[in-house]
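For reference, the structure is listed below as structure tokens.
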Amino acid sequence: MKLSDNKATLSFSNGRPAIELPVYSGNIGPEVIDIRKLYGQTGMFTYDPGFLSTAACQSAITFIDGDKGELLYRGYPIEQLATQCDFMETCHLLLYGNLPGVADKAAFVKNVKYHTMVNEQMQFFLRGFRRDAHPMAIMTGLVGALSAFYHDSTDINNAEHREVAAIRLIAKMPTLVAMAYKYSIGQPFMYPKNDLSYAGNFLHMMFATPCEPYVVNPVIERAIDRIFTLHADHEQNASTSTVRLCGSSGTNPFAAIAAGVACLWGPAHGGANEACLQMLEEIQASGGISKVGEFMNQVKDKNSNVKLMGFGHRVYKNYDPRATLMQETCNEVLEALGLQDDPLFKLAKALEKIALEDDYFVSRKLYPNVDFYSGIVQRAIGIPVKLFTGIFALARTVGWIAQLNEMISDPEYKIGRPRQLFTGSPRRDVMAIAKR
């Protein structure tokens, strides 16, 4: 960041002297007012619930312009990356700052494939969970447990350790997600096949059995790869901020990523596509397409508590660029699988049509987001609803690692310590129990 010619002046109505605050500008996006010395100069904090107006770090990884509906990874538009690059290239870009050439990509992919297996003891740890446990509960435990199996890469302040941990996490997350799925349905675990692509290997571990050969469908393979790419990073969202905050304490990389997995589990974050599909299934169960109009009227009724899932976004005030790409993938997958007449997809299209035409939704800029279509795609592929957030965590792992590495490398980084506006009781003395 660079110091701007602008300065911010903070004045007070009670006669206290005004103070000047420096202003910094990035390469794109809003300028920021530097308030690091505010408390020392004034004895006051700022108040910003949800950090909606606070830049907690400087970052060169991902940029979002919510008004334009723009998402950039290291400067590259998501539309170009999703159509011209695969997930492994995207991982290389996020981790190292550049798209790999042929030789660099081959070396990176080889390195990832070398680490796809997990320690055999992990399956015994997994067997301690109930088979009906939520996959995200299992994933939180498994990812955190990696630090118990890979002691040689747990020093977050060691660049070599972080590098090894990064590759291990990217390589092993598909294996762990597939193991959680296989365990839940009582099927044997499938070992990785390193002659397959990253997405193809994941599909093989998910859906193959020892009984017969499994052939990866190239349309499904591309769809999974695109899902991974679209979810790889998304600026300073709740789970990424959690990973940074957790990592700022000096904990090991596996623990920091496990914290991100736990945060992602929430329905307002990673669980949104799961909630979206549940909404569609509830509408279908209540009468299907004929009930869409009635449902949307309930959404508009403030007293109904009915929410429209999969529309609108905390950051995007325009069409989510990932949603357009996911819609294309959705059409391709349903056609390839002969599911064009899928009732839930018809419901989704009916909801989208109303939302894009009705003044209530248009005026509030409630456009479809990526979760709206990704849930339908995953359901069509055969991924159970409970595993949707696990797929999201798998994809977002590379973004979390890139953000964590960037934070640790920043000479200005400190352990996170948000402040508060205290509204509890002032100081009081404890009375003897008989007098209370």
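A note on labels: chains of the structure tokens are A, B, ... as shown, every chain counts residues from 1, and ligands are counted from 1 in their shown order.
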Distance query region 364-381 of chain A at most 9 Å, only C-alpha atoms, self and fewer than 3 positions along chain excluded, as an NGL selection string: :A and (220 or 223-224 or 227 or 230-231 or 270-277 or 309-313 or 316-327 or 329-331 or 333-334 or 337 or 339 or 342 or 344-345 or 348 or 352 or 355-356 or 359-361 or 384-385 or 388)
Could you pull the residues within 8 Å of region 258-264 of chain A, counting only C-alpha atoms, minus those fewer than 3 positions along the same chain, as a PyMOL selection string? chain A and resi 136-137+139-141+143-144+238-240+242-243+246+254-255+269-271+389+393+400
Of the candidates A:Lys68, A:Arg428, A:Arg168, A:Lys414, which one gets nearest to Thr397 (chain A) if we count only C-alpha atoms? A:Arg168
Between A:Glu160, A:Asp132, A:Glu335, A:Asp155, which has the minimum distance to Tyr183 (chain A) (counting only C-alpha atoms)? A:Asp132
Residue contacts of region 26-34 of chain A (7 Å, only C-alpha atoms) excluding same-chain residues fewer than 4 positions away, as a count of residues only: 5
Here is a test: counting only C-alpha atoms, which residue of A:Ala336, A:Leu280, A:Val118, A:Thr251 is nearest to Arg222 (chain A)?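 Of A:Ala336, A:Leu280, A:Val118, A:Thr251, the one nearest Arg222 (chain A) is A:Ala336, counting only C-alpha atoms.
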